[in-house]
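S.K.: Next up, query.cif (mmCIF, N, CA and C atoms).
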```
data_coords
loop_
_atom_site.label_atom_id
_atom_site.label_comp_id
_atom_site.auth_asym_id
_atom_site.auth_seq_id
_atom_site.Cartn_x
_atom_site.Cartn_y
_atom_site.Cartn_z
N MET T 1114 -59.21 -40.83 27.47
CA MET T 1114 -59.65 -39.97 26.39
C MET T 1114 -58.43 -39.31 25.77
N GLU T 1115 -58.41 -39.28 24.46
CA GLU T 1115 -57.29 -38.71 23.71
C GLU T 1115 -57.56 -37.24 23.40
N PHE T 1116 -56.61 -36.38 23.77
CA PHE T 1116 -56.79 -34.95 23.55
C PHE T 1116 -55.84 -34.39 22.48
N ALA T 1117 -55.07 -35.22 21.86
CA ALA T 1117 -54.13 -34.76 20.83
C ALA T 1117 -54.89 -34.42 19.55
N TYR T 1118 -54.36 -33.48 18.79
CA TYR T 1118 -54.94 -33.13 17.51
C TYR T 1118 -54.72 -34.27 16.51
N THR T 1119 -55.68 -34.46 15.64
CA THR T 1119 -55.52 -35.45 14.58
C THR T 1119 -54.61 -34.87 13.49
N GLU T 1120 -54.15 -35.73 12.60
CA GLU T 1120 -53.33 -35.26 11.47
C GLU T 1120 -54.11 -34.25 10.63
N LYS T 1121 -55.39 -34.52 10.43
CA LYS T 1121 -56.24 -33.61 9.65
C LYS T 1121 -56.28 -32.23 10.29
N VAL T 1122 -56.47 -32.19 11.60
CA VAL T 1122 -56.55 -30.91 12.31
C VAL T 1122 -55.20 -30.21 12.28
N ASN T 1123 -54.13 -30.93 12.49
CA ASN T 1123 -52.80 -30.31 12.44
C ASN T 1123 -52.51 -29.72 11.07
N ALA T 1124 -52.93 -30.41 10.02
CA ALA T 1124 -52.74 -29.88 8.66
C ALA T 1124 -53.54 -28.60 8.48
N LEU T 1125 -54.78 -28.59 8.95
CA LEU T 1125 -55.61 -27.39 8.85
C LEU T 1125 -55.04 -26.25 9.68
N ARG T 1126 -54.56 -26.56 10.85
CA ARG T 1126 -53.96 -25.52 11.71
C ARG T 1126 -52.79 -24.86 10.99
N GLY T 1127 -51.97 -25.65 10.33
CA GLY T 1127 -50.85 -25.10 9.58
C GLY T 1127 -51.30 -24.23 8.43
N ARG T 1128 -52.30 -24.69 7.71
CA ARG T 1128 -52.82 -23.91 6.58
C ARG T 1128 -53.45 -22.61 7.05
N VAL T 1129 -54.21 -22.65 8.15
CA VAL T 1129 -54.84 -21.44 8.68
C VAL T 1129 -53.76 -20.47 9.16
N SER T 1130 -52.77 -20.97 9.86
CA SER T 1130 -51.68 -20.12 10.34
C SER T 1130 -50.96 -19.44 9.17
N ASP T 1131 -50.68 -20.20 8.12
CA ASP T 1131 -50.03 -19.64 6.93
C ASP T 1131 -50.91 -18.58 6.28
N PHE T 1132 -52.21 -18.85 6.19
CA PHE T 1132 -53.15 -17.89 5.61
C PHE T 1132 -53.17 -16.60 6.42
N MET T 1133 -53.19 -16.74 7.73
CA MET T 1133 -53.17 -15.56 8.60
C MET T 1133 -51.92 -14.73 8.35
N ASP T 1134 -50.78 -15.39 8.27
CA ASP T 1134 -49.51 -14.69 8.04
C ASP T 1134 -49.46 -14.00 6.68
N ARG T 1135 -49.99 -14.67 5.65
CA ARG T 1135 -49.90 -14.13 4.29
C ARG T 1135 -50.93 -13.06 4.00
N TYR T 1136 -52.15 -13.19 4.55
CA TYR T 1136 -53.24 -12.30 4.13
C TYR T 1136 -53.89 -11.48 5.25
N ILE T 1137 -54.12 -12.06 6.39
CA ILE T 1137 -54.88 -11.37 7.43
C ILE T 1137 -54.05 -10.30 8.13
N TYR T 1138 -52.95 -10.71 8.73
CA TYR T 1138 -52.13 -9.74 9.47
C TYR T 1138 -51.65 -8.57 8.61
N PRO T 1139 -51.22 -8.82 7.36
CA PRO T 1139 -50.78 -7.68 6.53
C PRO T 1139 -51.93 -6.72 6.16
N ASN T 1140 -53.17 -7.15 6.28
CA ASN T 1140 -54.30 -6.31 5.90
C ASN T 1140 -55.05 -5.69 7.07
N GLU T 1141 -54.52 -5.84 8.27
CA GLU T 1141 -55.20 -5.25 9.43
C GLU T 1141 -55.31 -3.73 9.32
N THR T 1142 -54.25 -3.09 8.84
CA THR T 1142 -54.27 -1.63 8.68
C THR T 1142 -55.28 -1.23 7.61
N THR T 1143 -55.32 -1.96 6.51
CA THR T 1143 -56.28 -1.68 5.44
C THR T 1143 -57.70 -1.77 5.99
N TYR T 1144 -57.96 -2.81 6.77
CA TYR T 1144 -59.28 -2.98 7.38
C TYR T 1144 -59.64 -1.76 8.24
N ARG T 1145 -58.75 -1.38 9.13
CA ARG T 1145 -59.02 -0.22 10.00
C ARG T 1145 -59.19 1.06 9.19
N ASP T 1146 -58.37 1.23 8.15
CA ASP T 1146 -58.46 2.43 7.32
C ASP T 1146 -59.80 2.49 6.58
N GLN T 1147 -60.27 1.36 6.08
CA GLN T 1147 -61.56 1.34 5.37
C GLN T 1147 -62.71 1.65 6.31
N ILE T 1148 -62.65 1.16 7.53
CA ILE T 1148 -63.68 1.47 8.52
C ILE T 1148 -63.65 2.97 8.83
N ALA T 1149 -62.47 3.49 9.08
CA ALA T 1149 -62.33 4.91 9.41
C ALA T 1149 -62.80 5.80 8.27
N ALA T 1150 -62.44 5.45 7.05
CA ALA T 1150 -62.81 6.26 5.88
C ALA T 1150 -64.32 6.28 5.66
N SER T 1151 -65.00 5.23 6.06
CA SER T 1151 -66.45 5.18 5.87
C SER T 1151 -67.19 6.09 6.84
N GLY T 1152 -66.58 6.36 7.98
CA GLY T 1152 -67.24 7.16 9.00
C GLY T 1152 -68.27 6.37 9.79
N ASP T 1153 -68.38 5.09 9.52
CA ASP T 1153 -69.36 4.22 10.19
C ASP T 1153 -68.61 3.07 10.85
N PRO T 1154 -68.62 3.00 12.19
CA PRO T 1154 -67.88 1.94 12.86
C PRO T 1154 -68.41 0.54 12.57
N HIS T 1155 -69.60 0.46 11.97
CA HIS T 1155 -70.21 -0.83 11.64
C HIS T 1155 -70.10 -1.15 10.15
N HIS T 1156 -69.32 -0.37 9.44
CA HIS T 1156 -69.13 -0.55 7.99
C HIS T 1156 -68.51 -1.91 7.70
N PHE T 1157 -68.97 -2.58 6.65
CA PHE T 1157 -68.37 -3.84 6.20
C PHE T 1157 -67.21 -3.47 5.28
N ALA T 1158 -66.01 -3.59 5.80
CA ALA T 1158 -64.81 -3.20 5.04
C ALA T 1158 -64.67 -4.06 3.78
N GLU T 1159 -64.36 -3.42 2.67
CA GLU T 1159 -64.25 -4.10 1.39
C GLU T 1159 -63.20 -5.20 1.39
N ILE T 1160 -62.15 -5.01 2.16
CA ILE T 1160 -61.07 -6.00 2.21
C ILE T 1160 -61.59 -7.35 2.71
N LEU T 1161 -62.64 -7.34 3.50
CA LEU T 1161 -63.18 -8.60 4.01
C LEU T 1161 -63.70 -9.49 2.89
N GLU T 1162 -64.33 -8.90 1.91
CA GLU T 1162 -64.84 -9.69 0.78
C GLU T 1162 -63.69 -10.30 -0.01
N GLU T 1163 -62.63 -9.54 -0.19
CA GLU T 1163 -61.45 -10.06 -0.90
C GLU T 1163 -60.83 -11.23 -0.13
N LEU T 1164 -60.72 -11.08 1.17
CA LEU T 1164 -60.12 -12.13 1.99
C LEU T 1164 -61.01 -13.37 2.06
N LYS T 1165 -62.32 -13.15 2.04
CA LYS T 1165 -63.26 -14.28 2.05
C LYS T 1165 -63.08 -15.11 0.78
N VAL T 1166 -62.94 -14.46 -0.35
CA VAL T 1166 -62.73 -15.16 -1.62
C VAL T 1166 -61.44 -15.99 -1.55
N LYS T 1167 -60.37 -15.40 -1.01
CA LYS T 1167 -59.09 -16.12 -0.89
C LYS T 1167 -59.24 -17.33 0.05
N ALA T 1168 -59.92 -17.14 1.16
CA ALA T 1168 -60.11 -18.24 2.12
C ALA T 1168 -60.90 -19.38 1.49
N LYS T 1169 -61.95 -19.03 0.74
CA LYS T 1169 -62.74 -20.05 0.06
C LYS T 1169 -61.89 -20.80 -0.96
N ALA T 1170 -61.08 -20.08 -1.71
CA ALA T 1170 -60.24 -20.70 -2.74
C ALA T 1170 -59.24 -21.68 -2.13
N GLU T 1171 -58.82 -21.42 -0.89
CA GLU T 1171 -57.85 -22.29 -0.23
C GLU T 1171 -58.52 -23.34 0.65
N GLY T 1172 -59.84 -23.41 0.61
CA GLY T 1172 -60.56 -24.41 1.40
C GLY T 1172 -60.56 -24.11 2.88
N LEU T 1173 -60.46 -22.85 3.24
CA LEU T 1173 -60.40 -22.45 4.65
C LEU T 1173 -61.63 -21.65 5.07
N TRP T 1174 -62.72 -21.89 4.43
CA TRP T 1174 -63.96 -21.18 4.74
C TRP T 1174 -64.97 -22.18 5.26
N ASN T 1175 -65.71 -21.82 6.30
CA ASN T 1175 -66.73 -22.69 6.89
C ASN T 1175 -66.15 -24.03 7.32
N LEU T 1176 -65.08 -23.99 8.07
CA LEU T 1176 -64.43 -25.21 8.51
C LEU T 1176 -65.32 -26.07 9.40
N PHE T 1177 -66.33 -25.48 9.99
CA PHE T 1177 -67.21 -26.18 10.92
C PHE T 1177 -68.30 -26.99 10.22
N LEU T 1178 -68.51 -26.76 8.93
CA LEU T 1178 -69.58 -27.46 8.22
C LEU T 1178 -69.20 -28.93 8.01
N PRO T 1179 -70.21 -29.79 7.93
CA PRO T 1179 -69.93 -31.22 7.70
C PRO T 1179 -69.06 -31.40 6.45
N GLU T 1180 -68.29 -32.45 6.46
CA GLU T 1180 -67.39 -32.73 5.34
C GLU T 1180 -68.19 -32.82 4.05
N SER T 1181 -67.94 -31.90 3.18
CA SER T 1181 -68.65 -31.83 1.91
C SER T 1181 -67.94 -30.80 1.04
N ALA T 1182 -68.61 -30.39 0.01
CA ALA T 1182 -68.05 -29.36 -0.86
C ALA T 1182 -68.02 -28.00 -0.15
N HIS T 1183 -68.73 -27.88 0.98
CA HIS T 1183 -68.88 -26.57 1.63
C HIS T 1183 -68.12 -26.42 2.94
N GLY T 1184 -67.53 -27.47 3.45
CA GLY T 1184 -66.85 -27.35 4.72
C GLY T 1184 -65.80 -28.43 4.93
N ALA T 1185 -65.00 -28.26 5.99
CA ALA T 1185 -63.88 -29.18 6.26
C ALA T 1185 -64.29 -30.34 7.15
N GLY T 1186 -65.48 -30.27 7.73
CA GLY T 1186 -65.95 -31.37 8.56
C GLY T 1186 -65.43 -31.39 9.97
N LEU T 1187 -65.00 -30.24 10.48
CA LEU T 1187 -64.58 -30.21 11.87
C LEU T 1187 -65.81 -30.24 12.76
N ASN T 1188 -65.64 -30.73 13.98
CA ASN T 1188 -66.75 -30.71 14.93
C ASN T 1188 -66.23 -30.22 16.27
N ASN T 1189 -67.08 -30.20 17.27
CA ASN T 1189 -66.70 -29.66 18.57
C ASN T 1189 -65.72 -30.52 19.34
N THR T 1190 -65.59 -31.76 18.94
CA THR T 1190 -64.65 -32.62 19.67
C THR T 1190 -63.34 -32.66 18.94
#
```
What's the structure tokens form of this structure?
M.R.:
Amino acid sequence: MEFAYTEKVNALRGRVSDFMDRYIYPNETTYRDQIAASGDPHHFAEILEELKVKAKAEGLWNLFLPESAHGAGLNNT
């Protein structure tokens, strides 16, 4: 059985890692600040919607969905 990542997965891993470095990690403080400012620990921080739009634009949203216009076609194997 082969356990190595495919070229497709390696490319996605690189894109996700780059996205995390560019958008997610720099906004961790903003996320915490928005939660704190709301006074509700279950508040949906506004920054999440902005990041979701960016992830969708880069094709990094719903990676688990079958290969189509809505997902990258990854599966459990």
S.K.: Between atom C of T:Ile1160 and atom CA of T:Asn1175, what distance in Å does the model show, to one decimal?
M.R.: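 We find that atom C of T:Ile1160 and atom CA of T:Asn1175 lie 16.7 Å from each other.
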S.K.: Please compute the atom N of T:Phe1157-atom N of T:Pro1179 distance, one decimal, in Å.
M.R.: 27.3 Å
S.K.: Could you tell me how far atom CA of T:Tyr1144 sits from atom C of T:Glu1171, in Å to one decimal place?
M.R.: 21.5 Å
S.K.: Please complete stretch 1138-1149 of chain T so it has all heavy atoms, and hand it over as a short mmCIF file (atom, residue, chain, number, x, y, z; two decimals), in the coordinates of the input.
M.R.:
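The resulting rebuild_27.cif:
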```
data_model
loop_
_atom_site.label_atom_id
_atom_site.label_comp_id
_atom_site.auth_asym_id
_atom_site.auth_seq_id
_atom_site.Cartn_x
_atom_site.Cartn_y
_atom_site.Cartn_z
N TYR T 1138 -52.95 -10.71 8.73
CA TYR T 1138 -52.13 -9.74 9.47
C TYR T 1138 -51.65 -8.57 8.61
O TYR T 1138 -51.73 -7.42 9.05
CB TYR T 1138 -50.95 -10.43 10.15
CG TYR T 1138 -51.35 -11.52 11.10
CD1 TYR T 1138 -50.69 -12.75 11.11
CD2 TYR T 1138 -52.41 -11.36 12.00
CE1 TYR T 1138 -51.06 -13.77 11.97
CE2 TYR T 1138 -52.79 -12.38 12.87
CZ TYR T 1138 -52.11 -13.58 12.85
OH TYR T 1138 -52.48 -14.58 13.70
N PRO T 1139 -51.22 -8.82 7.36
CA PRO T 1139 -50.78 -7.68 6.53
C PRO T 1139 -51.93 -6.72 6.16
O PRO T 1139 -51.67 -5.60 5.76
CB PRO T 1139 -50.22 -8.33 5.27
CG PRO T 1139 -49.87 -9.72 5.67
CD PRO T 1139 -50.88 -10.10 6.72
N ASN T 1140 -53.17 -7.15 6.28
CA ASN T 1140 -54.30 -6.31 5.90
C ASN T 1140 -55.05 -5.69 7.07
O ASN T 1140 -56.08 -5.07 6.88
CB ASN T 1140 -55.28 -7.12 5.04
CG ASN T 1140 -54.78 -7.24 3.62
OD1 ASN T 1140 -54.61 -6.24 2.93
ND2 ASN T 1140 -54.50 -8.45 3.19
N GLU T 1141 -54.52 -5.84 8.27
CA GLU T 1141 -55.20 -5.25 9.43
C GLU T 1141 -55.31 -3.73 9.32
O GLU T 1141 -56.34 -3.15 9.64
CB GLU T 1141 -54.49 -5.64 10.73
CG GLU T 1141 -54.70 -7.09 11.09
CD GLU T 1141 -53.99 -7.50 12.36
OE1 GLU T 1141 -52.98 -6.85 12.74
OE2 GLU T 1141 -54.44 -8.48 12.98
N THR T 1142 -54.25 -3.09 8.84
CA THR T 1142 -54.27 -1.63 8.68
C THR T 1142 -55.28 -1.23 7.61
O THR T 1142 -56.02 -0.27 7.79
CB THR T 1142 -52.87 -1.10 8.35
OG1 THR T 1142 -51.98 -1.47 9.40
CG2 THR T 1142 -52.87 0.41 8.19
N THR T 1143 -55.32 -1.96 6.51
CA THR T 1143 -56.28 -1.68 5.44
C THR T 1143 -57.70 -1.77 5.99
O THR T 1143 -58.54 -0.91 5.71
CB THR T 1143 -56.11 -2.68 4.28
OG1 THR T 1143 -54.78 -2.56 3.78
CG2 THR T 1143 -57.11 -2.42 3.17
N TYR T 1144 -57.96 -2.81 6.77
CA TYR T 1144 -59.28 -2.98 7.38
C TYR T 1144 -59.64 -1.76 8.24
O TYR T 1144 -60.71 -1.17 8.08
CB TYR T 1144 -59.28 -4.25 8.23
CG TYR T 1144 -60.51 -4.42 9.08
CD1 TYR T 1144 -61.70 -4.89 8.53
CD2 TYR T 1144 -60.49 -4.09 10.43
CE1 TYR T 1144 -62.84 -5.04 9.31
CE2 TYR T 1144 -61.61 -4.24 11.21
CZ TYR T 1144 -62.78 -4.72 10.65
OH TYR T 1144 -63.90 -4.86 11.43
N ARG T 1145 -58.75 -1.38 9.13
CA ARG T 1145 -59.02 -0.22 10.00
C ARG T 1145 -59.19 1.06 9.19
O ARG T 1145 -60.06 1.88 9.48
CB ARG T 1145 -57.90 -0.07 11.02
CG ARG T 1145 -57.97 -1.08 12.14
CD ARG T 1145 -57.02 -0.76 13.29
NE ARG T 1145 -55.62 -0.87 12.91
CZ ARG T 1145 -54.91 -1.99 13.00
NH1 ARG T 1145 -55.46 -3.08 13.46
NH2 ARG T 1145 -53.65 -2.00 12.63
N ASP T 1146 -58.37 1.23 8.15
CA ASP T 1146 -58.46 2.43 7.32
C ASP T 1146 -59.80 2.49 6.58
O ASP T 1146 -60.39 3.56 6.46
CB ASP T 1146 -57.31 2.48 6.30
CG ASP T 1146 -55.96 2.74 6.95
OD1 ASP T 1146 -55.92 3.12 8.15
OD2 ASP T 1146 -54.94 2.53 6.26
N GLN T 1147 -60.27 1.36 6.08
CA GLN T 1147 -61.56 1.34 5.37
C GLN T 1147 -62.71 1.65 6.31
O GLN T 1147 -63.65 2.36 5.93
CB GLN T 1147 -61.77 -0.01 4.68
CG GLN T 1147 -60.87 -0.19 3.48
CD GLN T 1147 -61.01 -1.55 2.82
OE1 GLN T 1147 -61.67 -2.45 3.32
NE2 GLN T 1147 -60.37 -1.70 1.66
N ILE T 1148 -62.65 1.16 7.53
CA ILE T 1148 -63.68 1.47 8.52
C ILE T 1148 -63.65 2.97 8.83
O ILE T 1148 -64.69 3.64 8.84
CB ILE T 1148 -63.48 0.66 9.82
CG1 ILE T 1148 -63.58 -0.84 9.56
CG2 ILE T 1148 -64.45 1.11 10.91
CD1 ILE T 1148 -64.94 -1.36 9.24
N ALA T 1149 -62.47 3.49 9.08
CA ALA T 1149 -62.33 4.91 9.41
C ALA T 1149 -62.80 5.80 8.27
O ALA T 1149 -63.49 6.80 8.48
CB ALA T 1149 -60.88 5.22 9.77
#
```
